[in-house]
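**Student:** See upload11.txt below, with compact mmCIF, C-alpha atoms.
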```txt
# COMPACT_ATOMS: atom_id res chain seq x y z
CA MET A 1 -89.15 8.07 113.43
CA THR A 2 -88.67 7.64 109.68
CA ARG A 3 -85.38 7.18 107.81
CA VAL A 4 -84.75 7.03 104.06
CA LEU A 5 -81.80 5.27 102.45
CA ASP A 6 -80.99 6.31 98.88
CA VAL A 7 -79.78 3.33 96.81
CA ASN A 8 -78.21 3.86 93.38
CA TYR A 9 -76.84 1.20 91.05
CA LYS A 10 -76.01 1.96 87.40
CA ASP A 11 -79.20 3.46 85.90
CA TYR A 12 -81.40 2.29 88.77
CA SER A 13 -82.29 4.27 91.88
CA PHE A 14 -84.82 3.80 94.66
CA ASP A 15 -85.41 4.76 98.28
CA VAL A 16 -85.64 2.34 101.18
CA ILE A 17 -88.16 3.58 103.77
CA LEU A 18 -87.57 2.58 107.41
CA GLU A 19 -89.52 3.20 110.61
CA SER A 20 -88.33 3.07 114.22
CA GLU A 21 -89.82 3.52 117.68
CA ASP A 22 -86.57 3.77 119.62
CA GLY A 23 -84.41 5.59 117.06
CA GLY A 24 -81.89 2.75 116.88
CA THR A 25 -83.53 -0.35 115.44
CA PHE A 26 -85.32 0.37 112.16
CA VAL A 27 -87.68 -1.87 110.20
CA ILE A 28 -87.89 -1.69 106.40
CA VAL A 29 -91.54 -0.90 105.58
CA SER A 30 -91.42 -0.13 101.85
CA LEU A 31 -89.38 0.92 98.84
CA ASP A 32 -90.29 4.14 97.04
CA GLY A 33 -89.45 5.85 93.76
CA ALA A 34 -88.70 2.46 92.24
CA GLY A 35 -91.34 2.27 89.56
CA GLN A 36 -88.84 1.49 86.82
CA VAL A 37 -87.23 -1.20 88.93
CA ILE A 38 -90.55 -2.75 89.95
CA ASP A 39 -91.65 -2.86 86.32
CA GLU A 40 -88.52 -4.74 85.30
CA PHE A 41 -88.02 -6.88 88.40
CA ASN A 42 -91.07 -8.47 89.97
CA ASP A 43 -91.68 -7.02 93.44
CA ASP A 44 -92.35 -10.47 94.92
CA VAL A 45 -89.04 -11.78 93.63
CA PHE A 46 -86.65 -9.12 94.88
CA PHE A 47 -88.06 -6.50 97.23
CA ASN A 48 -90.03 -8.72 99.59
CA GLN A 49 -86.79 -10.23 100.85
CA PHE A 50 -86.03 -6.86 102.49
CA VAL A 51 -89.43 -5.59 103.68
CA GLY A 52 -89.85 -6.37 107.38
CA ASN A 53 -86.13 -6.82 108.08
CA GLU A 54 -84.62 -5.05 111.06
CA ILE A 55 -81.53 -2.86 110.65
CA ILE A 56 -79.51 -1.05 113.31
CA LEU A 57 -78.96 2.54 112.18
CA VAL A 58 -77.12 4.65 114.73
CA THR A 59 -74.12 6.04 112.88
CA GLU A 60 -73.44 7.12 109.33
CA ASP A 61 -71.37 3.96 108.86
CA ASP A 62 -74.47 1.89 109.68
CA ASP A 63 -76.33 3.63 106.86
CA LYS A 64 -73.51 2.95 104.41
CA ARG A 65 -73.29 -0.70 105.44
CA ALA A 66 -77.05 -1.23 104.98
CA ILE A 67 -76.95 0.42 101.56
CA ARG A 68 -74.00 -1.77 100.52
CA VAL A 69 -75.87 -4.95 101.49
CA ILE A 70 -78.97 -3.99 99.49
CA LYS A 71 -76.97 -2.70 96.54
CA ARG A 72 -74.85 -5.87 96.40
CA ALA A 73 -77.93 -8.10 96.39
CA PHE A 74 -79.64 -5.93 93.78
CA ALA A 75 -76.56 -5.93 91.55
CA LYS A 76 -76.48 -9.73 91.55
CA PHE A 77 -80.20 -9.81 90.86
CA VAL A 78 -79.91 -7.38 87.94
CA ASN A 79 -77.03 -9.35 86.47
CA GLY A 80 -79.07 -12.54 86.50
CA LYS A 81 -77.10 -14.27 89.25
CA PRO A 82 -78.52 -15.88 92.39
CA ILE A 83 -78.82 -13.53 95.33
CA LEU A 84 -76.21 -14.68 97.82
CA LYS A 85 -76.51 -14.12 101.53
CA GLU A 86 -73.64 -12.45 103.23
CA GLN A 87 -71.30 -15.07 104.65
CA GLU A 88 -72.66 -15.83 108.09
CA GLU A 89 -70.11 -15.72 110.85
CA VAL A 90 -70.08 -18.92 112.90
CA GLU A 91 -68.57 -18.64 116.33
CA VAL A 92 -68.22 -21.55 118.75
CA VAL A 93 -68.21 -20.52 122.38
CA HIS A 94 -67.37 -22.99 125.15
CA SER A 95 -69.09 -21.78 128.28
CA THR A 96 -70.56 -22.91 131.60
CA LYS A 97 -72.30 -19.60 132.12
CA LYS A 98 -75.80 -19.91 133.59
CA THR A 99 -78.63 -17.41 133.40
CA THR A 100 -79.17 -17.87 137.15
CA THR A 101 -76.92 -18.25 140.16
CA GLU A 102 -79.13 -21.01 141.55
CA PRO A 103 -77.71 -24.56 141.27
CA ALA A 104 -79.35 -26.33 138.32
CA GLY A 105 -78.60 -29.98 139.05
CA ALA A 106 -77.78 -32.40 141.86
CA ILE A 107 -74.01 -32.07 141.47
CA ASP A 108 -74.23 -28.28 141.34
CA ARG A 109 -76.34 -28.29 144.48
CA ILE A 110 -73.86 -30.46 146.38
CA ILE A 111 -70.99 -28.19 145.38
CA PHE A 112 -72.91 -25.04 146.38
CA GLU A 113 -73.79 -26.51 149.78
CA THR A 114 -70.25 -27.80 150.33
CA VAL A 115 -68.71 -24.41 149.56
CA ALA A 116 -71.21 -22.70 151.87
CA ARG A 117 -70.28 -24.99 154.76
CA ALA A 118 -66.56 -24.71 154.06
CA LEU A 119 -66.65 -20.92 153.98
CA SER A 120 -68.07 -20.86 157.49
CA SER A 121 -65.11 -22.79 158.90
CA GLU A 122 -61.67 -21.59 159.88
CA ASP A 123 -59.90 -23.90 157.45
CA SER A 124 -62.10 -22.87 154.54
CA LYS A 125 -59.51 -23.19 151.77
CA GLN A 126 -58.42 -26.69 152.79
CA GLU A 127 -62.01 -27.87 153.15
CA ILE A 128 -63.00 -26.42 149.76
CA ASP A 129 -60.00 -27.99 148.01
CA GLY A 130 -60.48 -31.41 149.57
CA LEU A 131 -64.25 -31.68 149.30
CA ILE A 132 -64.50 -30.33 145.77
CA LYS A 133 -61.70 -32.63 144.58
CA ASP A 134 -63.57 -35.60 146.08
CA LEU A 135 -66.80 -34.52 144.38
CA ILE A 136 -65.10 -34.13 141.01
CA LYS A 137 -63.36 -37.50 141.39
CA GLU A 138 -66.67 -39.17 142.22
CA ASN A 139 -69.01 -37.42 139.78
CA GLY A 140 -66.84 -35.84 137.10
CA VAL A 141 -66.31 -32.20 136.20
CA VAL A 142 -69.41 -30.09 135.58
CA PRO A 143 -69.69 -30.31 131.77
CA PHE A 144 -68.96 -27.38 129.48
CA ARG A 145 -71.73 -26.31 127.16
CA THR A 146 -70.84 -25.98 123.50
CA ILE A 147 -72.81 -23.03 122.16
CA ILE A 148 -72.88 -22.60 118.39
CA GLU A 149 -73.63 -18.99 117.59
CA VAL A 150 -74.61 -18.33 113.99
CA LYS A 151 -74.63 -14.57 113.79
CA LYS A 152 -77.36 -13.36 111.44
CA ALA A 153 -78.84 -10.01 110.52
CA ASP A 154 -81.52 -10.36 113.21
CA GLY A 155 -78.95 -11.20 115.88
CA THR A 156 -80.31 -14.67 116.65
CA LYS A 157 -78.11 -17.33 118.22
CA LYS A 158 -78.44 -21.09 118.45
CA ASP A 159 -77.47 -23.28 121.38
CA VAL A 160 -76.99 -26.87 120.19
CA GLY A 161 -76.02 -28.20 123.60
CA LEU A 162 -73.39 -30.85 124.28
CA GLN A 163 -71.63 -32.07 121.16
CA HIS A 164 -68.76 -34.31 120.06
CA PHE A 165 -65.31 -32.72 120.31
CA GLU A 166 -65.05 -32.75 116.47
CA PHE A 167 -68.33 -30.89 116.02
CA GLU A 168 -66.73 -27.48 115.59
CA ARG A 169 -64.27 -28.62 112.91
CA ILE A 170 -66.99 -30.41 110.95
CA LEU A 171 -69.32 -27.41 111.16
CA LYS A 172 -66.68 -25.01 109.84
CA THR A 173 -65.69 -27.40 107.03
CA ILE A 174 -69.29 -27.78 105.88
CA GLN A 175 -69.89 -24.04 106.09
CA ALA A 176 -66.78 -23.49 103.98
CA GLY A 177 -68.40 -25.63 101.27
CA VAL A 178 -65.66 -28.28 101.29
CA PRO A 179 -66.86 -31.88 100.71
CA ILE A 180 -65.92 -33.92 103.75
CA ALA A 181 -65.44 -37.62 104.58
CA LEU A 182 -65.84 -38.73 108.19
CA VAL A 183 -64.06 -41.95 109.11
CA GLY A 184 -64.37 -43.69 112.44
CA PRO A 185 -65.53 -46.78 114.33
CA ALA A 186 -69.17 -47.83 114.47
CA GLY A 187 -71.24 -45.77 116.87
CA SER A 188 -68.86 -42.81 117.09
CA GLY A 189 -71.63 -40.34 116.23
CA LYS A 190 -70.79 -39.44 112.63
CA THR A 191 -74.34 -39.38 111.27
CA THR A 192 -75.78 -37.61 114.31
CA MET A 193 -73.08 -34.96 114.16
CA VAL A 194 -73.71 -34.13 110.48
CA TYR A 195 -77.44 -33.87 111.17
CA ASN A 196 -76.83 -31.52 114.11
CA VAL A 197 -74.45 -29.38 112.02
CA ALA A 198 -77.05 -29.03 109.26
CA LYS A 199 -79.66 -28.12 111.84
CA SER A 200 -77.46 -25.46 113.45
CA LEU A 201 -76.84 -23.88 110.02
CA ASP A 202 -80.54 -24.01 109.05
CA MET A 203 -79.76 -26.32 106.13
CA GLU A 204 -81.95 -29.15 104.86
CA PHE A 205 -80.56 -32.63 105.58
CA SER A 206 -80.87 -35.93 103.71
CA SER A 207 -79.06 -39.20 104.35
CA GLN A 208 -78.72 -42.33 102.25
CA SER A 209 -76.71 -45.50 102.94
CA VAL A 210 -75.02 -47.33 100.09
CA SER A 211 -74.01 -50.91 99.45
CA ALA A 212 -72.45 -52.99 96.69
CA GLN A 213 -75.96 -53.23 95.16
CA SER A 214 -76.48 -49.45 94.95
CA THR A 215 -76.95 -48.09 91.41
CA THR A 216 -76.77 -44.70 89.76
CA PHE A 217 -80.58 -44.71 89.64
CA ASP A 218 -80.61 -44.49 93.45
CA PHE A 219 -79.02 -41.05 93.16
CA PHE A 220 -79.90 -39.64 89.76
CA GLY A 221 -83.42 -41.07 89.49
CA TYR A 222 -85.04 -42.58 86.40
CA LYS A 223 -88.02 -42.33 84.05
CA ASN A 224 -90.82 -44.81 84.66
CA ALA A 225 -92.87 -46.65 82.03
CA LYS A 226 -95.03 -43.57 81.52
CA GLY A 227 -92.00 -41.41 80.86
CA ASP A 228 -92.34 -39.54 84.17
CA TYR A 229 -89.18 -38.70 86.05
CA VAL A 230 -88.83 -40.33 89.48
CA SER A 231 -86.72 -38.11 91.73
CA THR A 232 -84.35 -38.97 94.60
CA MET A 233 -83.13 -37.41 97.85
CA PHE A 234 -79.81 -36.66 96.17
CA ARG A 235 -81.58 -34.73 93.39
CA GLU A 236 -83.59 -32.75 95.95
CA ARG A 237 -80.52 -31.61 97.83
CA TYR A 238 -78.46 -31.04 94.67
CA GLU A 239 -81.11 -28.81 93.11
CA LYS A 240 -82.61 -27.14 96.19
CA GLY A 241 -79.63 -27.03 98.55
CA GLY A 242 -78.72 -28.64 101.82
CA VAL A 243 -76.47 -31.33 103.27
CA PHE A 244 -76.50 -34.78 101.67
CA LEU A 245 -74.89 -37.52 103.77
CA LEU A 246 -73.60 -40.55 101.87
CA ASP A 247 -73.52 -43.05 104.73
CA GLU A 248 -71.40 -46.24 104.76
CA PHE A 249 -69.62 -44.91 101.66
CA ASP A 250 -66.88 -47.55 101.90
CA ALA A 251 -69.51 -50.28 101.47
CA GLY A 252 -70.72 -48.77 98.20
CA ASN A 253 -70.15 -49.66 94.58
CA PRO A 254 -66.96 -47.78 93.54
CA ASN A 255 -68.35 -47.20 90.03
CA VAL A 256 -71.49 -45.55 91.41
CA LEU A 257 -69.46 -43.29 93.68
CA ALA A 258 -67.29 -42.35 90.72
CA ALA A 259 -70.45 -41.36 88.84
CA LEU A 260 -71.18 -38.84 91.57
CA ASN A 261 -67.86 -37.11 90.94
CA GLN A 262 -69.14 -35.04 88.04
CA ALA A 263 -72.16 -33.85 89.99
CA THR A 264 -70.27 -32.91 93.15
CA ALA A 265 -67.25 -31.36 91.41
CA ASN A 266 -69.04 -29.32 88.74
CA VAL A 267 -71.77 -26.67 88.81
CA VAL A 268 -74.13 -28.67 86.61
CA ALA A 269 -74.91 -32.38 86.18
CA PRO A 270 -77.03 -34.53 83.82
CA PHE A 271 -80.16 -36.16 85.25
CA PRO A 272 -82.57 -38.38 83.25
CA ASP A 273 -85.00 -35.49 82.68
CA LYS A 274 -82.60 -32.55 82.14
CA MET A 275 -79.34 -30.84 83.03
CA VAL A 276 -79.55 -29.51 86.59
CA GLU A 277 -77.54 -26.67 88.13
CA LYS A 278 -76.02 -27.38 91.51
CA HIS A 279 -77.50 -25.20 94.26
CA LYS A 280 -75.01 -22.84 95.89
CA ASP A 281 -75.80 -24.33 99.31
CA PHE A 282 -75.41 -27.98 98.32
CA ILE A 283 -72.71 -29.92 100.14
CA ILE A 284 -72.01 -33.66 100.19
CA VAL A 285 -70.60 -35.48 103.22
CA MET A 286 -69.45 -39.10 103.30
CA ALA A 287 -69.28 -41.27 106.43
CA GLY A 288 -67.68 -44.68 106.78
CA ASN A 289 -65.52 -46.95 108.90
CA THR A 290 -62.42 -47.03 106.67
CA TYR A 291 -60.47 -44.66 104.46
CA GLY A 292 -61.70 -46.40 101.32
CA SER A 293 -58.65 -48.65 100.96
CA GLY A 294 -60.55 -51.91 101.30
CA GLY A 295 -61.76 -54.29 104.02
CA THR A 296 -60.14 -54.65 107.42
CA ILE A 297 -60.30 -57.30 110.15
CA ASP A 298 -63.19 -55.46 111.80
CA TYR A 299 -64.93 -54.20 108.66
CA VAL A 300 -64.55 -57.03 106.17
CA GLY A 301 -67.31 -55.92 103.78
CA ARG A 302 -65.71 -52.63 102.81
CA ASN A 303 -64.66 -51.87 99.24
CA LYS A 304 -61.64 -50.16 97.78
CA ILE A 305 -62.80 -46.76 96.54
CA ASP A 306 -61.37 -45.03 93.47
CA ALA A 307 -58.62 -42.55 94.31
CA ALA A 308 -60.25 -39.84 92.16
CA THR A 309 -63.35 -40.06 94.36
CA LEU A 310 -61.39 -39.90 97.62
CA ASP A 311 -59.31 -36.96 96.38
CA ARG A 312 -62.39 -34.74 96.25
CA PHE A 313 -62.94 -34.95 100.02
CA ALA A 314 -61.25 -33.62 103.12
CA PHE A 315 -60.99 -36.39 105.74
CA ILE A 316 -61.65 -36.18 109.48
CA TYR A 317 -61.23 -39.11 111.84
CA VAL A 318 -64.09 -39.32 114.36
CA ALA A 319 -63.07 -41.26 117.47
CA TYR A 320 -65.27 -42.13 120.45
CA ASP A 321 -65.85 -39.09 122.65
CA GLU A 322 -65.89 -40.76 126.07
CA ASP A 323 -66.27 -37.45 127.88
CA LEU A 324 -69.47 -36.71 125.95
CA GLU A 325 -70.63 -40.32 126.41
CA HIS A 326 -70.30 -39.97 130.19
CA LYS A 327 -72.06 -36.60 130.27
CA VAL A 328 -75.00 -37.85 128.23
CA ALA A 329 -75.37 -41.21 130.00
CA THR A 330 -78.08 -41.45 132.66
CA ASN A 331 -76.43 -44.40 134.41
CA LYS A 332 -72.91 -43.12 135.14
CA ASP A 333 -71.75 -46.33 136.87
CA TRP A 334 -72.75 -48.42 133.86
CA CYS A 335 -71.07 -45.96 131.47
CA ARG A 336 -67.80 -46.16 133.39
CA ARG A 337 -68.04 -49.97 133.33
CA VAL A 338 -68.56 -50.00 129.55
CA GLN A 339 -65.58 -47.69 129.06
CA LYS A 340 -63.46 -49.99 131.25
CA PHE A 341 -64.44 -52.97 129.06
CA ARG A 342 -63.55 -50.91 125.98
CA SER A 343 -60.12 -50.06 127.39
CA ILE A 344 -59.37 -53.68 128.30
CA ALA A 345 -60.45 -54.92 124.85
CA GLU A 346 -58.07 -52.44 123.24
CA GLN A 347 -55.16 -53.26 125.56
CA LYS A 348 -55.55 -57.03 125.23
CA LYS A 349 -56.29 -56.95 121.48
CA VAL A 350 -59.73 -58.55 121.80
CA ARG A 351 -61.40 -58.20 118.39
CA THR A 352 -64.75 -56.67 119.34
CA ILE A 353 -66.57 -53.35 119.06
CA ILE A 354 -67.79 -51.73 122.27
CA SER A 355 -69.26 -48.45 121.08
CA PRO A 356 -71.27 -45.85 123.04
CA ARG A 357 -74.32 -47.81 121.91
CA ALA A 358 -73.32 -50.36 124.56
CA THR A 359 -73.67 -47.60 127.14
CA PHE A 360 -76.98 -46.19 125.94
CA ASN A 361 -78.65 -49.51 125.05
CA GLY A 362 -77.29 -51.09 128.22
CA GLU A 363 -78.64 -48.42 130.57
CA ARG A 364 -82.07 -48.80 129.00
CA LEU A 365 -81.95 -52.58 129.45
CA LEU A 366 -80.89 -52.17 133.08
CA ALA A 367 -83.71 -49.71 133.66
CA SER A 368 -86.16 -52.26 132.23
CA GLY A 369 -85.27 -54.73 135.00
CA LEU A 370 -82.58 -56.95 133.43
CA ASN A 371 -79.61 -57.67 135.67
CA GLN A 372 -76.06 -56.55 134.91
CA SER A 373 -74.84 -60.03 133.91
CA GLN A 374 -77.63 -60.39 131.35
CA VAL A 375 -76.99 -56.95 129.91
CA GLU A 376 -73.22 -57.61 129.61
CA ASP A 377 -73.97 -60.79 127.66
CA MET A 378 -76.20 -58.78 125.31
CA VAL A 379 -74.07 -55.67 124.63
CA ILE A 380 -70.47 -56.50 125.70
CA TYR A 381 -69.68 -60.20 125.29
CA LYS A 382 -71.70 -60.78 122.12
CA GLY A 383 -69.89 -63.29 119.90
CA LEU A 384 -66.80 -63.65 122.12
CA THR A 385 -65.26 -67.01 123.00
CA GLN A 386 -64.83 -68.06 126.61
CA ASP A 387 -61.11 -67.29 126.44
CA GLU A 388 -61.88 -63.78 125.16
CA ARG A 389 -64.46 -63.32 127.91
CA ASN A 390 -61.86 -64.28 130.49
CA LEU A 391 -59.47 -61.66 129.10
CA MET A 392 -62.16 -59.00 129.47
CA LYS A 393 -62.82 -59.59 133.16
CA PHE A 394 -61.74 -57.03 135.74
```
Go through the file and emit its structure as structure tokens.

**Tutor:**
Amino acid sequence: MTRVLDVNYKDYSFDVILESEDGGTFVIVSLDGAGQVIDEFNDDVFFNQFVGNEIILVTEDDDKRAIRVIKRAFAKFVNGKPILKEQEEVEVVHSTKKTTTEPAGAIDRIIFETVARALSSEDSKQEIDGLIKDLIKENGVVPFRTIIEVKKADGTKKDVGLQHFEFERILKTIQAGVPIALVGPAGSGKTTMVYNVAKSLDMEFSSQSVSAQSTTFDFFGYKNAKGDYVSTMFRERYEKGGVFLLDEFDAGNPNVLAALNQATANVVAPFPDKMVEKHKDFIIVMAGNTYGSGGTIDYVGRNKIDAATLDRFAFIYVAYDEDLEHKVATNKDWCRRVQKFRSIAEQKKVRTIISPRATFNGERLLASGLNQSQVEDMVIYKGLTQDERNLMKF
């Protein structure tokens, strides 16, 4: 089945030719009657972005919507502006839905078998309530899956699996194009989360840590002795689009961070070789352990960051997600022990950091054959005095 969509914009007109086997989903195969347009606008530049795309055409409204999308893109092309994609709708769905009714894991299997036995007894409700409560108390609740659905023209969806409880807010902030600063304790998952967000949005990702020795050349590049420009990861993302993570921002040189203000706030910035326009999909994210107000007892090497720099970012505090930590851990008993140590350290004001890294590194060390006492010395008690160790015991 063949369909023709007539597109008219100002003095330009052309037909979009579509073919379909089922009469519902059509594929754009060519554009006709567009000689004038093709002469003025290179076919490879504009039209090839549409050929091969699938479009659902069932009602008259579907036809009008498809024409509007093509016309809007063509209008921006004709006017010399970048062709912008329609804003993709990002929906986060929390679900435990499985594609099969068969139990997938050990805990699922136990619950299925327990329910089956309980249903065959006279006191089924009491047995189900009691046994399931005991299972949940012992093994934890069956985890929810966090499914990030990026709705695109082809209807594809992405499942990014288990994520930190702040993942959704960070994803929506980045998609909105708002520069963001993530603040939280070491090991809370800030860098990993930004990488996963970029991946779920099909955006390129680059990350660079800064220190007091960082210079503007690390970001803007320089010309070598031959006069050739030496580029940087920041330049790549700024010019070509994507997420650029400025890691450990509160350890950086405040003057260098201030130099980034012009680039991140404006649509164009000076680089050693030329003025460069900021890509429409460029977004900068900062991650650190403080709010940029200077060093703390735990993070003594942090600098006070200029208020003008901080004002350009929305801030999100990223705490430890102990629920996620427990779900991801392979050694649940060890994970619970680490979290108990963490709770005691907080209650008794012991100055130490027990991050999820203690869980994940510790379970690997235990699996390698080291005993629990050795592993606790390596990942829990490191640097603590004997008095502090005594406070941590339980």

**Student:** How far is it from atom CA of A:Met193 to atom CA of A:Phe315, in Å with one decimal?

**Tutor:**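 According to the coordinates, atom CA of A:Met193 and atom CA of A:Phe315 are separated by 14.8 Å.
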
**Student:** Quick one: distance from atom CA of A:Ser200 to atom CA of A:Arg169 in Å, one decimal?

**Tutor:** 13.6 Å

**Student:** Residues within 8 Å of A:Lys348, please, as a PDB file with C-alpha atoms, in the frame of the given file. Count all atoms listed in the file; anything in the same chain fewer than 3 positions from it doesn't count.

**Tutor:**
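Dumped to out05.pdb:
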```pdb
ATOM      1  CA  ILE A 344     -59.370 -53.680 128.300  1.00  0.00           C
ATOM      2  CA  ALA A 345     -60.450 -54.920 124.850  1.00  0.00           C
ATOM      3  CA  LEU A 391     -59.470 -61.660 129.100  1.00  0.00           C
TER       4      LEU A 391
END
```

**Student:** Quick one: everything within 8 Å of stretch 324-339 of chain A, counting all atoms listed in the file, minus sequence neighbours fewer than 5 positions away in the same chain. Send it as a PyMOL selection string.

**Tutor:** chain A and resi 143+162-164+354+356+358-360+362-363+380

**Student:** Measuring between all atoms listed in the file, which one of A:Asp311, A:Asp218, A:Glu248, A:Asp159 shows the shortest distance to A:Phe271?

**Tutor:**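 Smallest separation from A:Phe271 among the options: A:Asp218.
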
**Student:** Please, what distance in Å, to one decimal, runs between atom CA of A:Arg302 and atom CA of A:Asp250?

**Tutor:**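 Going from atom CA of A:Arg302 over to atom CA of A:Asp250 covers 5.3 Å.
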
**Student:** Within 7 Å of (-66.2, -43.3, 104.4) (coordinates as in the file), grab all the protein and nucleic acid residues, counting all atoms listed in the file, and write them out as a list in words.

**Tutor:** Ala181, Leu182, Val183, Glu248, Phe249, Asp250, Met286, Ala287, Gly288, Asn289, Thr290, Tyr291 and Gly292 of chain A
